[in-house]
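A.B. asks: This is protein_18.cif (mmCIF, C-alpha atoms).
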```
data_query
loop_
_atom_site.label_atom_id
_atom_site.label_comp_id
_atom_site.auth_asym_id
_atom_site.auth_seq_id
_atom_site.Cartn_x
_atom_site.Cartn_y
_atom_site.Cartn_z
CA MET Z 21 23.93 9.87 11.85
CA GLN Z 22 24.85 6.69 10.01
CA GLN Z 23 23.44 3.40 11.24
CA ARG Z 24 25.80 0.50 11.81
CA ASN Z 25 25.11 -2.94 10.41
CA TYR Z 26 26.31 -6.43 11.23
CA PHE Z 27 29.31 -6.13 8.92
CA GLY Z 28 30.80 -3.31 10.97
CA LYS Z 29 30.60 -0.80 8.13
CA SER Z 30 28.17 2.07 7.88
CA ALA Z 31 24.90 1.18 6.18
CA THR Z 32 25.49 4.00 3.70
CA THR Z 33 28.88 2.69 2.60
CA VAL Z 34 27.72 -0.92 2.24
CA ALA Z 35 24.58 0.02 0.33
CA MET Z 36 26.51 2.35 -1.96
CA CYS Z 37 28.84 -0.48 -2.89
CA THR Z 38 25.87 -2.83 -3.18
CA ALA Z 39 24.05 -0.89 -5.89
CA LEU Z 40 27.11 -0.48 -8.03
CA SER Z 41 28.77 -3.83 -7.47
CA TRP Z 42 25.43 -5.45 -8.39
CA ALA Z 43 25.30 -3.63 -11.69
CA ALA Z 44 28.97 -4.35 -12.35
CA TYR Z 45 28.65 -8.01 -11.43
CA VAL Z 46 25.83 -8.69 -13.86
CA ALA Z 47 27.16 -6.98 -16.95
CA PHE Z 48 30.06 -8.22 -19.05
CA GLY Z 49 32.68 -5.51 -18.60
CA GLY Z 50 30.16 -3.43 -16.66
CA GLN Z 51 28.32 -2.21 -19.76
CA ALA Z 52 25.42 -3.32 -21.91
CA PRO Z 53 25.88 -3.65 -25.68
CA PRO Z 54 25.72 -0.25 -27.42
CA GLN Z 55 22.15 -0.22 -28.65
CA GLU Z 56 18.76 1.17 -27.66
CA TRP Z 57 17.08 -1.09 -25.14
CA ASN Z 58 13.42 -1.52 -24.27
CA ILE Z 59 12.60 -2.24 -20.62
CA LEU Z 60 9.85 -4.64 -19.53
CA LEU Z 61 9.43 -4.77 -15.76
CA ILE Z 62 7.00 -7.36 -14.38
CA THR Z 63 6.09 -7.19 -10.70
CA SER Z 64 3.85 -9.32 -8.53
CA ASP Z 65 2.55 -9.03 -4.99
CA GLU Z 66 3.60 -11.19 -2.05
CA HIS Z 67 5.83 -13.79 -3.74
CA ASN Z 68 7.99 -15.93 -1.46
CA ALA Z 69 11.36 -16.07 -3.25
CA LYS Z 70 11.90 -19.72 -2.34
CA ILE Z 71 8.79 -20.81 -4.21
CA MET Z 72 9.97 -20.91 -7.83
CA GLY Z 73 11.05 -23.88 -9.89
CA CYS Z 74 14.29 -22.09 -10.76
CA ALA Z 75 14.95 -21.58 -7.03
CA GLY Z 76 14.91 -25.35 -6.55
CA HIS Z 77 11.42 -25.69 -5.12
CA PRO Z 78 10.31 -29.34 -5.41
CA VAL Z 79 6.63 -28.75 -6.15
CA ILE Z 80 5.81 -25.38 -7.73
CA GLN Z 81 5.47 -25.09 -11.51
CA THR Z 82 6.76 -21.73 -12.80
CA PRO Z 83 7.83 -22.23 -16.44
CA GLY Z 84 7.77 -18.49 -17.20
CA MET Z 85 10.08 -17.55 -14.34
CA ASP Z 86 12.22 -20.61 -15.00
CA ARG Z 87 12.71 -19.44 -18.58
CA LEU Z 88 13.82 -16.00 -17.38
CA ALA Z 89 16.32 -17.61 -15.01
CA ARG Z 90 17.57 -19.96 -17.72
CA GLU Z 91 18.06 -17.14 -20.22
CA GLY Z 92 19.21 -14.54 -17.71
CA THR Z 93 20.43 -14.11 -14.14
CA MET Z 94 18.71 -15.02 -10.87
CA PHE Z 95 19.64 -12.93 -7.83
CA THR Z 96 19.43 -14.96 -4.65
CA ARG Z 97 19.92 -12.22 -2.03
CA ALA Z 98 17.52 -9.50 -3.14
CA TYR Z 99 15.48 -7.82 -0.41
CA CYS Z 100 12.61 -5.36 -0.30
CA ALA Z 101 12.97 -1.93 1.31
CA VAL Z 102 10.33 -2.89 3.86
CA PRO Z 103 7.97 -5.92 3.80
CA VAL Z 104 4.82 -3.83 3.38
CA CYS Z 105 3.15 -3.17 0.01
CA ALA Z 106 2.92 0.59 -0.49
CA PRO Z 107 6.24 1.77 1.01
CA THR Z 108 8.37 -0.75 -0.86
CA ARG Z 109 6.51 -0.20 -4.14
CA GLN Z 110 7.27 3.50 -4.01
CA THR Z 111 10.90 2.71 -3.21
CA LEU Z 112 11.03 0.73 -6.45
CA ILE Z 113 9.80 3.58 -8.62
CA THR Z 114 11.72 6.40 -6.89
CA GLY Z 115 15.02 4.78 -5.89
CA ARG Z 116 14.47 6.21 -2.40
CA TYR Z 117 13.77 4.66 0.99
CA PRO Z 118 10.33 5.19 2.61
CA GLU Z 119 11.67 7.79 5.03
CA GLU Z 120 12.75 9.78 1.96
CA HIS Z 121 9.75 9.39 -0.37
CA GLY Z 122 7.29 9.72 2.50
CA GLN Z 123 5.01 6.70 2.11
CA PHE Z 124 5.74 5.08 5.44
CA SER Z 125 2.84 2.62 5.46
CA ASN Z 126 -0.11 1.37 3.45
CA ALA Z 127 -2.16 4.16 5.01
CA HIS Z 128 0.05 6.99 3.78
CA ARG Z 129 -0.45 8.87 0.52
CA PHE Z 130 2.25 9.11 -2.13
CA ASP Z 131 3.72 12.61 -2.49
CA GLU Z 132 3.33 13.80 -6.08
CA ARG Z 133 6.54 15.84 -5.84
CA ASN Z 134 8.59 12.64 -6.00
CA LEU Z 135 10.37 11.99 -9.27
CA THR Z 136 10.06 8.43 -10.58
CA TRP Z 137 11.77 6.25 -13.13
CA ALA Z 138 8.95 7.15 -15.53
CA HIS Z 139 10.12 10.76 -15.53
CA HIS Z 140 13.70 9.63 -16.05
CA PHE Z 141 13.14 7.22 -18.93
CA LYS Z 142 10.67 9.55 -20.62
CA GLN Z 143 13.42 12.19 -20.58
CA HIS Z 144 15.57 9.72 -22.51
CA GLY Z 145 13.10 9.13 -25.30
CA TYR Z 146 11.13 6.21 -23.92
CA THR Z 147 7.39 5.90 -24.27
CA THR Z 148 6.34 4.88 -20.76
CA ALA Z 149 3.42 2.93 -19.35
CA CYS Z 150 2.36 1.39 -16.07
CA ILE Z 151 -0.45 -1.16 -16.20
CA GLY Z 152 -1.79 -2.57 -12.94
CA LYS Z 153 -1.48 -2.07 -9.20
CA MET Z 154 0.62 0.71 -7.67
CA HIS Z 155 -0.94 0.96 -4.18
CA ASN Z 156 -0.08 4.57 -3.44
CA ASN Z 157 -3.45 5.82 -2.10
CA ASN Z 158 -3.32 8.44 -4.83
CA GLU Z 159 -4.49 6.33 -7.72
CA GLN Z 160 -5.31 9.22 -10.05
CA PHE Z 161 -1.63 10.17 -10.05
CA SER Z 162 0.17 9.14 -13.25
CA PHE Z 163 3.65 8.78 -11.64
CA GLY Z 164 5.00 10.47 -14.77
CA PHE Z 165 3.90 7.66 -17.10
CA ASP Z 166 2.51 8.47 -20.55
CA LEU Z 167 -0.07 5.73 -19.99
CA ARG Z 168 -1.33 4.71 -16.57
CA LEU Z 169 -3.94 1.96 -16.32
CA ARG Z 170 -5.05 0.97 -12.87
CA GLN Z 171 -5.73 -2.58 -11.74
CA GLY Z 172 -8.87 -3.93 -13.37
CA GLU Z 173 -8.89 -1.41 -16.22
CA GLY Z 174 -8.43 -2.16 -19.88
CA ASP Z 175 -6.80 0.08 -22.44
CA GLU Z 176 -9.72 1.03 -24.66
CA GLU Z 177 -7.41 2.62 -27.21
CA ALA Z 178 -5.16 -0.44 -27.35
CA ASP Z 179 -7.85 -3.09 -27.17
CA SER Z 180 -11.51 -2.21 -27.57
CA ALA Z 181 -12.42 -5.82 -26.83
CA ILE Z 182 -11.65 -5.25 -23.13
CA PRO Z 183 -13.95 -2.46 -21.90
CA LYS Z 184 -12.46 -0.13 -19.32
CA GLY Z 185 -13.25 -1.12 -15.76
CA ARG Z 186 -14.65 -4.53 -16.70
CA ARG Z 187 -14.22 -7.11 -14.01
CA GLY Z 188 -15.12 -10.75 -13.81
CA GLY Z 189 -14.50 -13.86 -11.85
CA GLY Z 190 -17.06 -14.51 -9.12
CA LYS Z 191 -16.99 -17.48 -6.83
CA ASN Z 192 -17.81 -21.04 -7.71
CA THR Z 193 -19.21 -23.41 -5.13
CA LEU Z 194 -16.33 -25.08 -3.38
CA ASP Z 195 -16.28 -28.70 -2.45
CA PRO Z 196 -18.04 -28.92 0.95
CA THR Z 197 -14.96 -30.47 2.54
CA GLU Z 198 -12.73 -27.62 1.35
CA GLN Z 199 -15.29 -25.01 2.36
CA LYS Z 200 -15.43 -26.51 5.83
CA ILE Z 201 -11.64 -26.27 6.15
CA TYR Z 202 -11.71 -22.59 5.14
CA ASP Z 203 -14.57 -21.89 7.53
CA GLY Z 204 -12.44 -23.19 10.38
CA ILE Z 205 -9.64 -20.68 9.76
CA ALA Z 206 -10.07 -17.67 12.05
CA ASP Z 207 -8.06 -15.34 9.76
CA THR Z 208 -10.57 -14.71 6.98
CA ARG Z 209 -7.86 -13.37 4.67
CA LEU Z 210 -6.62 -16.91 4.16
CA ARG Z 211 -9.17 -17.85 1.51
CA GLY Z 212 -9.45 -18.63 -2.17
CA TRP Z 213 -11.87 -19.71 -4.85
CA PRO Z 214 -11.86 -20.79 -8.48
CA VAL Z 215 -12.46 -17.98 -10.98
CA ASP Z 216 -15.09 -18.25 -13.71
CA ASN Z 217 -13.59 -15.91 -16.31
CA ALA Z 218 -9.82 -15.52 -16.10
CA GLU Z 219 -9.67 -13.03 -18.97
CA ALA Z 220 -11.96 -10.58 -17.18
CA THR Z 221 -10.26 -10.50 -13.79
CA GLY Z 222 -7.68 -8.01 -12.54
CA ASP Z 223 -4.48 -9.79 -13.57
CA GLY Z 224 -6.08 -11.17 -16.73
CA LEU Z 225 -6.98 -7.63 -17.79
CA VAL Z 226 -3.56 -6.32 -16.86
CA CYS Z 227 -1.77 -9.00 -18.90
CA ASN Z 228 -4.04 -8.57 -21.93
CA SER Z 229 -3.63 -4.80 -21.87
CA ALA Z 230 0.15 -5.16 -21.52
CA ILE Z 231 0.30 -7.47 -24.53
CA GLN Z 232 -1.74 -5.01 -26.58
CA TYR Z 233 0.60 -2.22 -25.48
CA LEU Z 234 3.64 -4.22 -26.60
CA ARG Z 235 2.10 -4.89 -29.99
CA LYS Z 236 1.15 -1.27 -30.45
CA ASN Z 237 4.58 0.06 -29.41
CA LYS Z 238 6.86 -2.64 -30.84
CA ASP Z 239 8.60 -0.10 -33.10
CA ARG Z 240 9.16 2.44 -30.31
CA LYS Z 241 11.59 2.43 -27.39
CA PHE Z 242 9.40 1.60 -24.40
CA PHE Z 243 9.54 1.33 -20.63
CA LEU Z 244 6.60 -0.84 -19.57
CA HIS Z 245 5.83 -1.71 -15.96
CA VAL Z 246 3.31 -4.57 -15.71
CA SER Z 247 2.12 -4.79 -12.11
CA MET Z 248 0.24 -7.97 -11.18
CA VAL Z 249 -1.62 -8.66 -7.93
CA LYS Z 250 -1.15 -12.38 -7.43
CA PRO Z 251 -0.23 -14.42 -5.47
CA HIS Z 252 -1.60 -11.94 -2.89
CA TRP Z 253 -4.60 -13.25 -0.98
CA PRO Z 254 -7.36 -14.16 -1.65
CA TRP Z 255 -5.91 -17.03 -3.65
CA ASN Z 256 -8.47 -16.92 -6.42
CA ALA Z 257 -7.38 -18.41 -9.75
CA PRO Z 258 -8.90 -20.16 -12.78
CA LYS Z 259 -9.98 -23.72 -11.98
CA ASP Z 260 -6.99 -25.36 -13.69
CA PHE Z 261 -4.62 -23.38 -11.49
CA TYR Z 262 -6.73 -23.25 -8.34
CA PHE Z 263 -6.88 -27.05 -8.16
CA MET Z 264 -3.39 -27.61 -9.60
CA TYR Z 265 -1.84 -28.70 -6.30
CA ASP Z 266 -3.13 -31.45 -4.03
CA PRO Z 267 -2.88 -30.21 -0.43
CA GLN Z 268 -1.91 -33.69 0.68
CA LYS Z 269 1.04 -33.91 -1.72
CA ILE Z 270 2.74 -30.54 -1.26
CA ASP Z 271 5.65 -29.71 1.03
CA LEU Z 272 4.68 -28.19 4.37
CA PRO Z 273 7.15 -26.38 6.65
CA PRO Z 274 7.05 -27.69 10.22
CA VAL Z 275 5.69 -25.68 13.13
CA ILE Z 276 8.20 -26.16 15.93
CA PRO Z 277 6.92 -25.50 19.48
CA GLY Z 278 8.76 -22.59 21.07
CA ASP Z 279 10.36 -21.52 17.79
CA LEU Z 280 9.07 -17.96 18.21
CA ALA Z 281 9.70 -17.67 21.94
CA ASN Z 282 12.45 -15.07 21.48
CA ASP Z 283 10.67 -13.16 18.71
CA PRO Z 284 7.93 -11.07 20.37
CA VAL Z 285 6.48 -9.46 17.24
CA PRO Z 286 6.02 -12.70 15.24
CA GLN Z 287 4.81 -14.41 18.39
CA GLU Z 288 2.18 -11.69 18.85
CA GLU Z 289 0.94 -12.10 15.28
CA PHE Z 290 1.01 -15.88 15.63
CA THR Z 291 -1.56 -15.66 18.42
CA LYS Z 292 -3.37 -12.43 17.40
CA PHE Z 293 -4.53 -13.89 14.09
CA LYS Z 294 -4.93 -17.35 15.63
CA TRP Z 295 -2.48 -18.91 13.21
CA ASN Z 296 -1.34 -20.97 16.20
CA GLU Z 297 -4.75 -22.66 16.15
CA MET Z 298 -4.60 -23.71 12.50
CA THR Z 299 -4.66 -27.44 11.85
CA GLU Z 300 -2.33 -29.20 9.43
CA ALA Z 301 -5.22 -29.59 6.98
CA GLN Z 302 -5.84 -25.82 7.08
CA ARG Z 303 -2.17 -24.99 6.55
CA ARG Z 304 -1.90 -27.49 3.72
CA LEU Z 305 -4.96 -26.09 1.96
CA GLY Z 306 -3.75 -22.50 2.30
CA ARG Z 307 -0.27 -23.28 1.01
CA ALA Z 308 -1.61 -25.34 -1.90
CA ARG Z 309 -3.96 -22.57 -3.01
CA TYR Z 310 -1.15 -20.02 -2.65
CA TYR Z 311 0.82 -22.21 -5.06
CA GLY Z 312 -2.07 -22.24 -7.51
CA SER Z 313 -2.35 -18.46 -7.41
CA LEU Z 314 1.40 -18.18 -7.96
CA SER Z 315 1.38 -20.55 -10.94
CA TRP Z 316 -1.42 -18.48 -12.46
CA LEU Z 317 0.71 -15.37 -12.01
CA ASP Z 318 3.58 -17.20 -13.71
CA SER Z 319 1.34 -17.96 -16.69
CA HIS Z 320 1.14 -14.19 -17.30
CA VAL Z 321 4.94 -13.92 -17.16
CA LYS Z 322 5.11 -16.72 -19.73
CA ARG Z 323 2.62 -14.98 -22.02
CA LEU Z 324 4.54 -11.70 -21.88
CA LEU Z 325 7.80 -13.47 -22.78
CA GLU Z 326 6.08 -15.24 -25.66
CA THR Z 327 4.78 -11.88 -26.89
CA LEU Z 328 8.35 -10.60 -27.05
CA ASP Z 329 9.19 -13.70 -29.10
CA GLU Z 330 6.29 -13.03 -31.45
CA LEU Z 331 7.29 -9.39 -31.93
CA LYS Z 332 11.01 -10.25 -32.31
CA LEU Z 333 11.91 -7.98 -29.41
CA VAL Z 334 13.87 -10.46 -27.28
CA ASP Z 335 17.34 -9.23 -28.28
CA LYS Z 336 16.55 -5.59 -27.59
CA THR Z 337 14.51 -5.83 -24.38
CA LEU Z 338 15.76 -5.88 -20.80
CA VAL Z 339 13.24 -7.97 -18.83
CA ILE Z 340 13.00 -7.87 -15.04
CA TYR Z 341 10.75 -9.88 -12.73
CA THR Z 342 10.44 -9.10 -9.03
CA THR Z 343 7.80 -8.62 -6.35
CA ASP Z 344 7.05 -6.06 -3.64
CA HIS Z 345 7.80 -8.42 -0.72
CA GLY Z 346 7.51 -12.05 0.24
CA ASP Z 347 4.96 -14.14 2.10
CA MET Z 348 5.54 -16.44 5.07
CA ALA Z 349 3.22 -18.98 3.39
CA ALA Z 350 3.01 -21.19 6.50
CA GLU Z 351 6.74 -21.06 7.34
CA LYS Z 352 7.04 -21.17 11.14
CA GLY Z 353 3.23 -21.35 11.12
CA LEU Z 354 3.07 -17.70 9.99
CA TRP Z 355 1.37 -16.10 7.00
CA LEU Z 356 1.51 -12.96 4.85
CA LYS Z 357 4.21 -10.28 5.25
CA THR Z 358 5.47 -7.45 7.56
CA LEU Z 359 7.86 -9.80 9.40
CA MET Z 360 11.64 -9.61 9.18
CA PHE Z 361 12.09 -13.24 8.30
CA ASP Z 362 13.62 -14.28 4.99
CA ALA Z 363 10.31 -15.56 3.60
CA SER Z 364 8.72 -12.14 4.14
CA ALA Z 365 11.60 -9.77 3.39
CA ARG Z 366 13.50 -11.48 0.56
CA VAL Z 367 12.17 -11.10 -2.98
CA PRO Z 368 12.66 -12.99 -6.23
CA LEU Z 369 14.66 -11.06 -8.81
CA LEU Z 370 15.24 -12.31 -12.34
CA MET Z 371 16.81 -10.27 -15.13
CA ARG Z 372 17.35 -11.09 -18.82
CA MET Z 373 19.41 -8.90 -21.13
CA PRO Z 374 20.83 -10.85 -24.10
CA GLY Z 375 24.50 -10.16 -24.65
CA ALA Z 376 24.85 -8.28 -21.38
CA LEU Z 377 23.67 -10.61 -18.61
CA LYS Z 378 25.19 -14.05 -18.66
CA PRO Z 379 22.41 -16.61 -19.16
CA GLY Z 380 21.72 -19.37 -16.68
CA THR Z 381 23.67 -17.78 -13.84
CA THR Z 382 22.90 -16.99 -10.22
CA ASN Z 383 24.23 -13.99 -8.35
CA GLY Z 384 24.49 -13.80 -4.57
CA VAL Z 385 25.37 -10.14 -4.16
CA LEU Z 386 23.27 -8.43 -1.45
CA ILE Z 387 20.87 -5.95 -3.03
CA ASN Z 388 17.77 -3.94 -2.17
CA HIS Z 389 14.83 -2.52 -4.07
CA VAL Z 390 16.36 0.93 -3.75
CA ASP Z 391 19.11 -0.22 -6.13
CA LEU Z 392 16.88 -1.19 -9.03
CA PHE Z 393 16.20 2.25 -10.56
CA PRO Z 394 19.86 3.36 -10.89
CA THR Z 395 20.95 -0.09 -12.02
CA LEU Z 396 18.40 -0.23 -14.84
CA ALA Z 397 19.55 3.23 -15.89
CA GLY Z 398 23.15 2.06 -15.83
CA LEU Z 399 22.42 -1.03 -17.90
CA VAL Z 400 20.64 0.90 -20.67
CA GLY Z 401 23.07 3.83 -20.61
CA THR Z 402 21.00 6.62 -19.02
CA GLU Z 403 22.78 6.76 -15.64
CA LYS Z 404 24.31 10.20 -16.21
CA ASP Z 405 20.96 11.97 -15.82
CA LEU Z 406 19.57 10.24 -12.75
CA PRO Z 407 17.47 12.40 -10.39
CA ALA Z 408 19.58 14.35 -7.93
CA ASN Z 409 17.43 13.22 -4.98
CA LEU Z 410 18.07 9.49 -5.30
CA THR Z 411 19.08 7.78 -2.09
CA PRO Z 412 22.81 8.57 -1.78
CA GLU Z 413 23.84 4.94 -1.40
CA SER Z 414 22.20 4.05 -4.72
CA GLY Z 415 24.05 6.85 -6.48
CA VAL Z 416 26.82 6.73 -9.03
CA LYS Z 417 30.05 6.37 -7.04
CA CYS Z 418 31.40 3.27 -5.31
CA GLN Z 419 33.50 4.33 -2.35
CA CYS Z 420 35.41 1.04 -2.25
CA CYS Z 421 36.98 1.50 -5.66
CA ALA Z 422 36.44 5.27 -6.09
CA GLN Z 423 35.32 4.71 -9.66
CA LYS Z 424 32.14 5.68 -11.41
CA TRP Z 425 29.89 2.95 -12.72
CA PRO Z 426 29.64 1.65 -15.47
CA GLU Z 427 33.39 2.04 -16.03
CA VAL Z 428 34.08 -0.03 -12.93
CA GLY Z 429 33.97 -3.39 -14.76
CA VAL Z 430 33.32 -6.84 -13.33
CA PHE Z 431 34.28 -7.27 -9.69
CA SER Z 432 36.54 -10.20 -8.84
#
```
Could you quickly redo this structure as structure tokens?

C.D. replies:
Amino acid sequence: MQQRNYFGKSATTVAMCTALSWAAYVAFGGQAPPQEWNILLITSDEHNAKIMGCAGHPVIQTPGMDRLAREGTMFTRAYCAVPVCAPTRQTLITGRYPEEHGQFSNAHRFDERNLTWAHHFKQHGYTTACIGKMHNNNEQFSFGFDLRLRQGEGDEEADSAIPKGRRGGGKNTLDPTEQKIYDGIADTRLRGWPVDNAEATGDGLVCNSAIQYLRKNKDRKFFLHVSMVKPHWPWNAPKDFYFMYDPQKIDLPPVIPGDLANDPVPQEEFTKFKWNEMTEAQRRLGRARYYGSLSWLDSHVKRLLETLDELKLVDKTLVIYTTDHGDMAAEKGLWLKTLMFDASARVPLLMRMPGALKPGTTNGVLINHVDLFPTLAGLVGTEKDLPANLTPESGVKCQCCAQKWPEVGVFS
């Protein structure tokens, strides 16, 4: 039985057009230049799509993401499959919705029978690697990647200077005033601290290992997924980033009395986690430290782009940045994810592909994480051998024009 959506068409038909019109929209003539392309996919965790410099945010500093938007395309209506970490992450790598790949929640375990984009791109001659967080409750599983380094691990073969499993960071003593503000927040997830050794923390290790991988494989066709954790709570970051934003000088969304009166689930969370009891000072501190964590994440994006510069790989590498889901980040007085508000469900999506994606453009086509796998395959020319069990609506035929992508061309 097909579900109906607000547009009056079946969800299957709309989504099928979505995946293919997206790919056709972004490419000149619907096809990438005829060459072998590397793929660098950078993902984060819990990034509110509104909070990027390139998205017009008045405060946040994100030079890495801004560069990607300036040199590529920014998609303004990209949404996650579901605003929960594990299910939507597995939708990304499989091109299937949670009810199809089987990881319905963070508590479920990923089914190893699922085919992933690693299997697909490896079949097409790519050396494949995933470095960082996957959150599948089956962490020993390789997902089909040639190299799989979990969060907090270093690649001993690629860089012996970062021992496997090494972690760092620790907590510095916070200013007593700031500590008192944190102590007054009932939801103990809403915390942060300055990090002592940025190079030895989870995302620092992930970025360093990814850079070493790029240097080692610069002469091979690679598919590299770099999976960062920030700006997910706790909002720990190196001192320069942790204290980058003055809580008194940032923007703060208003909390309007009665705003959630007709939304029982958000209203329940609002009171359950006692977010309704948070003071303005507490909300300002939390949002400012979220910003700092996000800017630190952006510094890794910037370093990865600069590594492509150094290795002269810019003109042959498709770069994608996205996240698993958003974060309410104090909007409506709410925090974190799981809610079907734009701040929680919409995701940033930036793509750069020189000669194929028009630089400095925005694209408002409605897309979903389930579309990413087949679209990447279409852009690099491997769409003919996609797994047979992909979600039907992210498949290879657009019912509106009855043509097969990529021959469909640019939509008017």

A.B. asks: Near Ser315 in chain Z, counting only C-alpha atoms, which residues have an atom at most 6 Å away, once you skip same-chain residues fewer than 3 positions from it, shown as a short mmCIF file (atom, residue, chain, number, x, y, z; two decimals) with C-alpha atoms, keeping the file's coordinate frame?

C.D. replies:
```
data_model
loop_
_atom_site.label_atom_id
_atom_site.label_comp_id
_atom_site.auth_asym_id
_atom_site.auth_seq_id
_atom_site.Cartn_x
_atom_site.Cartn_y
_atom_site.Cartn_z
CA THR Z 82 6.76 -21.73 -12.80
CA GLY Z 312 -2.07 -22.24 -7.51
CA ASP Z 318 3.58 -17.20 -13.71
#
```

A.B. asks: What's the separation between CA of Asp405 in chain Z and CA of Met371 in chain Z, in Å to one decimal place?

C.D. replies: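 Computing the Euclidean distance for CA of Asp405 in chain Z and CA of Met371 in chain Z yields 22.6 Å.
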
A.B. asks: Would you mind reading off the distance between CA of Trp213 in chain Z and CA of Val249 in chain Z, one decimal, in Å?

C.D. replies: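 Computed distance, CA of Trp213 in chain Z to CA of Val249 in chain Z, equals 15.4 Å.
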
A.B. asks: Within 8 Å of Leu88 in chain Z, counting only C-alpha atoms, which residues show up once you throw out same-chain ones fewer than 3 positions away? Write them as an mmCIF file with C-alpha atoms, keeping the file's coordinate frame, please.

C.D. replies:
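What landed in around26.cif:
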```
data_model
loop_
_atom_site.group_PDB
_atom_site.id
_atom_site.type_symbol
_atom_site.label_atom_id
_atom_site.label_comp_id
_atom_site.auth_asym_id
_atom_site.auth_seq_id
_atom_site.Cartn_x
_atom_site.Cartn_y
_atom_site.Cartn_z
ATOM 1 C CA GLY Z 84 7.770 -18.490 -17.200
ATOM 2 C CA MET Z 85 10.080 -17.550 -14.340
ATOM 3 C CA GLU Z 91 18.060 -17.140 -20.220
ATOM 4 C CA GLY Z 92 19.210 -14.540 -17.710
ATOM 5 C CA THR Z 93 20.430 -14.110 -14.140
ATOM 6 C CA LEU Z 370 15.240 -12.310 -12.340
ATOM 7 C CA MET Z 371 16.810 -10.270 -15.130
ATOM 8 C CA ARG Z 372 17.350 -11.090 -18.820
#
```

A.B. asks: For this structure, which residues satisfy the selection - the PyMOL selection byres ((chain Z and resi 202) around 12) - when it is evaluated on the file as given? I want them as a PyMOL selection string.

C.D. replies: chain Z and resi 194-201+203-213+254-255+298-299+301-306+309

A.B. asks: Got time to write the residues from that selection, C-alpha atoms, as a PDB file, in the coordinates of the input?

C.D. replies:
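Saved result, selection_39.pdb, follows:
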```
ATOM      1  CA  LEU Z 194     -16.330 -25.080  -3.380  1.00  0.00           C
ATOM      2  CA  ASP Z 195     -16.280 -28.700  -2.450  1.00  0.00           C
ATOM      3  CA  PRO Z 196     -18.040 -28.920   0.950  1.00  0.00           C
ATOM      4  CA  THR Z 197     -14.960 -30.470   2.540  1.00  0.00           C
ATOM      5  CA  GLU Z 198     -12.730 -27.620   1.350  1.00  0.00           C
ATOM      6  CA  GLN Z 199     -15.290 -25.010   2.360  1.00  0.00           C
ATOM      7  CA  LYS Z 200     -15.430 -26.510   5.830  1.00  0.00           C
ATOM      8  CA  ILE Z 201     -11.640 -26.270   6.150  1.00  0.00           C
ATOM      9  CA  ASP Z 203     -14.570 -21.890   7.530  1.00  0.00           C
ATOM     10  CA  GLY Z 204     -12.440 -23.190  10.380  1.00  0.00           C
ATOM     11  CA  ILE Z 205      -9.640 -20.680   9.760  1.00  0.00           C
ATOM     12  CA  ALA Z 206     -10.070 -17.670  12.050  1.00  0.00           C
ATOM     13  CA  ASP Z 207      -8.060 -15.340   9.760  1.00  0.00           C
ATOM     14  CA  THR Z 208     -10.570 -14.710   6.980  1.00  0.00           C
ATOM     15  CA  ARG Z 209      -7.860 -13.370   4.670  1.00  0.00           C
ATOM     16  CA  LEU Z 210      -6.620 -16.910   4.160  1.00  0.00           C
ATOM     17  CA  ARG Z 211      -9.170 -17.850   1.510  1.00  0.00           C
ATOM     18  CA  GLY Z 212      -9.450 -18.630  -2.170  1.00  0.00           C
ATOM     19  CA  TRP Z 213     -11.870 -19.710  -4.850  1.00  0.00           C
ATOM     20  CA  PRO Z 254      -7.360 -14.160  -1.650  1.00  0.00           C
ATOM     21  CA  TRP Z 255      -5.910 -17.030  -3.650  1.00  0.00           C
ATOM     22  CA  MET Z 298      -4.600 -23.710  12.500  1.00  0.00           C
ATOM     23  CA  THR Z 299      -4.660 -27.440  11.850  1.00  0.00           C
ATOM     24  CA  ALA Z 301      -5.220 -29.590   6.980  1.00  0.00           C
ATOM     25  CA  GLN Z 302      -5.840 -25.820   7.080  1.00  0.00           C
ATOM     26  CA  ARG Z 303      -2.170 -24.990   6.550  1.00  0.00           C
ATOM     27  CA  ARG Z 304      -1.900 -27.490   3.720  1.00  0.00           C
ATOM     28  CA  LEU Z 305      -4.960 -26.090   1.960  1.00  0.00           C
ATOM     29  CA  GLY Z 306      -3.750 -22.500   2.300  1.00  0.00           C
ATOM     30  CA  ARG Z 309      -3.960 -22.570  -3.010  1.00  0.00           C
TER      31      ARG Z 309
END
```

A.B. asks: Report, in Å with one decimal, the straight-line distance from CA of Leu369 in chain Z to CA of Asn134 in chain Z.

C.D. replies: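 So the answer is 24.6 Å.
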
A.B. asks: Find the residue from Z:Ala220, Z:Asn296, Z:Lys322, Z:Phe163 that sits nearest to Pro277 in chain Z; use only C-alpha atoms when measuring.

C.D. replies: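 The closest residue to Pro277 in chain Z is Z:Asn296.
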
A.B. asks: Could you pull the residues within 12 Å of Ala89 in chain Z, counting all atoms listed in the file, minus those fewer than 4 positions along the same chain, as a ChimeraX atom specification?

C.D. replies: /Z:72-76,82-85,93-96,339-342,368-373,377-383

A.B. asks: Excluding same-chain residues fewer than 4 positions from Tyr262 in chain Z, what lies within 6 Å of it counting all atoms listed in the file, as number ranges by chain?

C.D. replies: Z: 214, 257-258, 312

A.B. asks: Which polymer residues have any atom within 7 Å of an atom of Ala138 in chain Z, counting all atoms listed in the file, with same-chain residues fewer than 6 positions away left out, as a list in words?

C.D. replies: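 Those residues are Thr148, Phe163, Gly164 and Phe165 of chain Z.
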
A.B. asks: Got time to write the residues from that selection, C-alpha atoms, as a compact mmCIF listing (two decimals), in the frame of the given file?

C.D. replies:
```txt
# COMPACT_ATOMS: atom_id res chain seq x y z
CA THR Z 148 6.34 4.88 -20.76
CA PHE Z 163 3.65 8.78 -11.64
CA GLY Z 164 5.00 10.47 -14.77
CA PHE Z 165 3.90 7.66 -17.10
```
